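Contents: one structure, followed by commentary.
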Amino acid sequence: MLSVYAEISREKGMTILKTDQTKLVMVQDVTLHYGRHVVLKHVNFSMKAGQIMGVIGPNGAGKTTIMKAMLGLVKVNQGTITLLNERVTPQHHAVLADNVGALIENPALYPFLTGWQQLQLVTKNESQLKWVIAALQMSAYIHQTVKHYSLGMRQKLGIAMALVTKPKLVILDEPMNGLDPQSVKLLRDLMKRLAQQGMAFLISSHILSELEKVIDTVMVIDHGRVVLQTAMQDLQQNQQQKLVLQTTADAQALTWLQRHHYACSQQADGLVVMGVTSLTPLLAGLIAQGVQFTYIGEQAVDLETILLRQLGQSVRGELE
Amino acid sequence: MKLLRLECLKLRAKRSTWGCIVLLILLMSGIAITTTQSTLSDQRFNVASAYVGFQWLMMLLIVVAASCVSMEFEYGTIKQLAVQAKSRWQVYLTKFELILSYSLLLHILTVLVTLGLQLIFNPRLNVLARYHHQLSLLTNLGINAGLDLYGSLMIIGLVFLLASSGHNSAVAISVGVVVCFSGEGLSSLVLNTFKTVTFLTRWNPFNMMCLQEQYANRDYQDVTHLTLGQLAAGKLIWAVIFVGVGAWLFSKRRI
């Protein structure tokens, strides 16, 4: 099986493998329930090398549980999880040790150890330790005991522990928690760089504005079900384009647009017109009415809008 | 092997590991100072019992053992361990192995400190002179250390079990200390309550705590209703049961 993996890069003496065509992770029909409470319902998805997948959804949707199941920390009632073609269960997960790094919920740290000792629990390889400390800019405090760390420092150390062995898959649950804007950017850039070298990331976060800057695929989970799974690029393309107009006479412009059957509404940032296929007749018509434009732009569809729309559809689907 | 190395790293880095050793030496020294004016017979007794060092040692060992297991759930580090190890059974047994090794080191240290304190505070004693069972004082000290070390097997097993089922180490420490120091009393309570089934109740785990006493005084057999060999075997069997049940609880606990 491993023969299909092509070695694509070497960095600091470490080899990173890339599987362009082969699935790195396969989650098939996973269902999990605690008693009568269903936590995951027929979850299916797969990941390949270099992919950065964002998992979003409301609290209690099942994001952390699916991550725990992938790490063999919880037993699923139905379905299979495979990593590099090896099945992962709480009893059999030897494949995880060298291939997966994870930060689940809070960083798992011993307060009496220094950051350096904490990283040594993951690997003894000094070049890897030095690499991750430099990459996350932690050298100023790495030899202090963890009990003296701030929330952000602890979070960075937790992320460093997940990355230090340069595994094939990194699972990060709310990695931006407690990080300052500089550190968030640092992490974002690092993840992009590592993904280009073949490392795959599965990230959950409630900071959607940050998440959408880094992920290439999004999966929306609600009530334990995957309600949307798509590439960010496709998602953006499939969204109906929205035009934002700011004018000197919004009321007059709105009347004209409605009379000419444009789907439009007055919103906080101006007049929002949907489904505009040709701009010229619209602008010409309004100018002929004497309307002056102060701003013309396109409203980007952000992840928050997508999430809320998907969750809305999910709730409606359940009610029906 | 990798897990054992990691567990050693953690144990070494914990201040309490070294604090326990310092405290043990201080407590033993305190007792040794009080024996300077004692009779030779009392001095011999104190040396053979390591200046109460074995009791102090067991109490400190209970604290270290309980925190060794419960800290993983307290700090959430069990997730990292569970992913790194082949199974949680392996994590549990490695920890047990580590604490047993720590117990061995503490017992060796206790014997060495006892000999040092004897030279300082009871220099008139000859440790090679005959004492109980026609054996030298030094041999008696060694046998007591060996029996105590063997006894620690069951206590560590029990403390591990309790630490695996609770959220913090307090319950494990409290129960461990009670069983360790009131085992004989608890056993008598069980034996006297169920007199008709003594053939069964004599195998209760508290009764196994009398091994050292029975070695020192064979009349104890009237209390325990077991021979020395039976007590030793019972202790081992209970240790295996405690470790097995503890490891099962540890592996089933929701993370």
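Chain identifiers are assigned as A, B, and so on, following the order in which chains appear in the structure tokens; residues are numbered from 1 within each chain, and ligands are numbered from 1 in order of appearance.
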Pull out every residue of chain B sitting within 6 Å of chain A, counting only C-alpha atoms, and send them as a compact mmCIF listing (two decimals) with C-alpha atoms, in the first residue's frame.
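The resulting file, selection.txt, is reproduced below:
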```txt
# COMPACT_ATOMS: atom_id res chain seq x y z
CA LEU B 6 8.16 8.84 29.21
CA GLY B 76 -6.47 15.64 30.24
CA THR B 77 -3.16 14.09 29.22
CA GLN B 84 0.63 7.16 21.66
CA LYS B 86 -0.94 0.54 21.75
```
Any idea what's packed within 7 Å of Val159 of chain B, counting only C-alpha atoms, ignoring anything in its chain fewer than 4 positions away? Could you give it as an MDAnalysis selection string? chainID B and resid 62 65:66 155 163 172:173 176
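Considering the residues B:Ile120, B:Val47, B:Val177, B:Val22 and counting only C-alpha atoms, Asn140 of chain B has its shortest atom-to-atom contact with B:Val47.
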Between atom CA of Lys10 of chain B and atom CA of Leu151 of chain A, what is the distance, to one decimal in Å? 21.9 Å
Which residues are near Thr114 of chain B? Cut-off 10 Å, only C-alpha atoms, ignore same chain within fewer than 2 positions. Put them as a short mmCIF file (atom, residue, chain, number, x, y, z; two decimals) with C-alpha atoms, in the first residue's frame.
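Done, and the output landed in selection-v3.cif:
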```cif
data_model
loop_
_atom_site.label_atom_id
_atom_site.label_comp_id
_atom_site.auth_asym_id
_atom_site.auth_seq_id
_atom_site.Cartn_x
_atom_site.Cartn_y
_atom_site.Cartn_z
CA ILE B 25 14.79 10.89 55.44
CA MET B 28 13.38 8.71 59.92
CA SER B 29 16.02 11.06 61.32
CA ALA B 32 16.39 8.12 65.19
CA ASN B 46 13.95 0.65 65.79
CA VAL B 47 16.77 -0.34 63.47
CA ALA B 48 14.93 -3.53 62.38
CA SER B 49 11.85 -1.43 61.59
CA ALA B 50 13.99 1.21 59.83
CA TYR B 51 13.07 3.92 62.35
CA VAL B 52 9.40 3.58 61.27
CA GLY B 53 10.67 4.24 57.75
CA ILE B 108 16.79 0.34 49.22
CA LEU B 109 17.18 3.98 50.24
CA THR B 110 15.34 3.33 53.53
CA VAL B 111 17.72 0.48 54.40
CA LEU B 112 20.79 2.60 53.55
CA GLY B 116 23.57 5.60 58.27
CA LEU B 117 21.32 6.79 61.10
CA GLN B 118 22.30 3.78 63.21
CA LEU B 119 25.97 4.71 62.88
CA ILE B 120 25.22 8.30 63.89
CA LEU B 141 16.16 -5.26 58.51
#
```
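Compared by their closest atoms to Leu105 of chain B, and using only C-alpha atoms, the residues B:Tyr215, B:Trp18, B:Phe199, B:Trp238 rank with B:Trp18 nearest.
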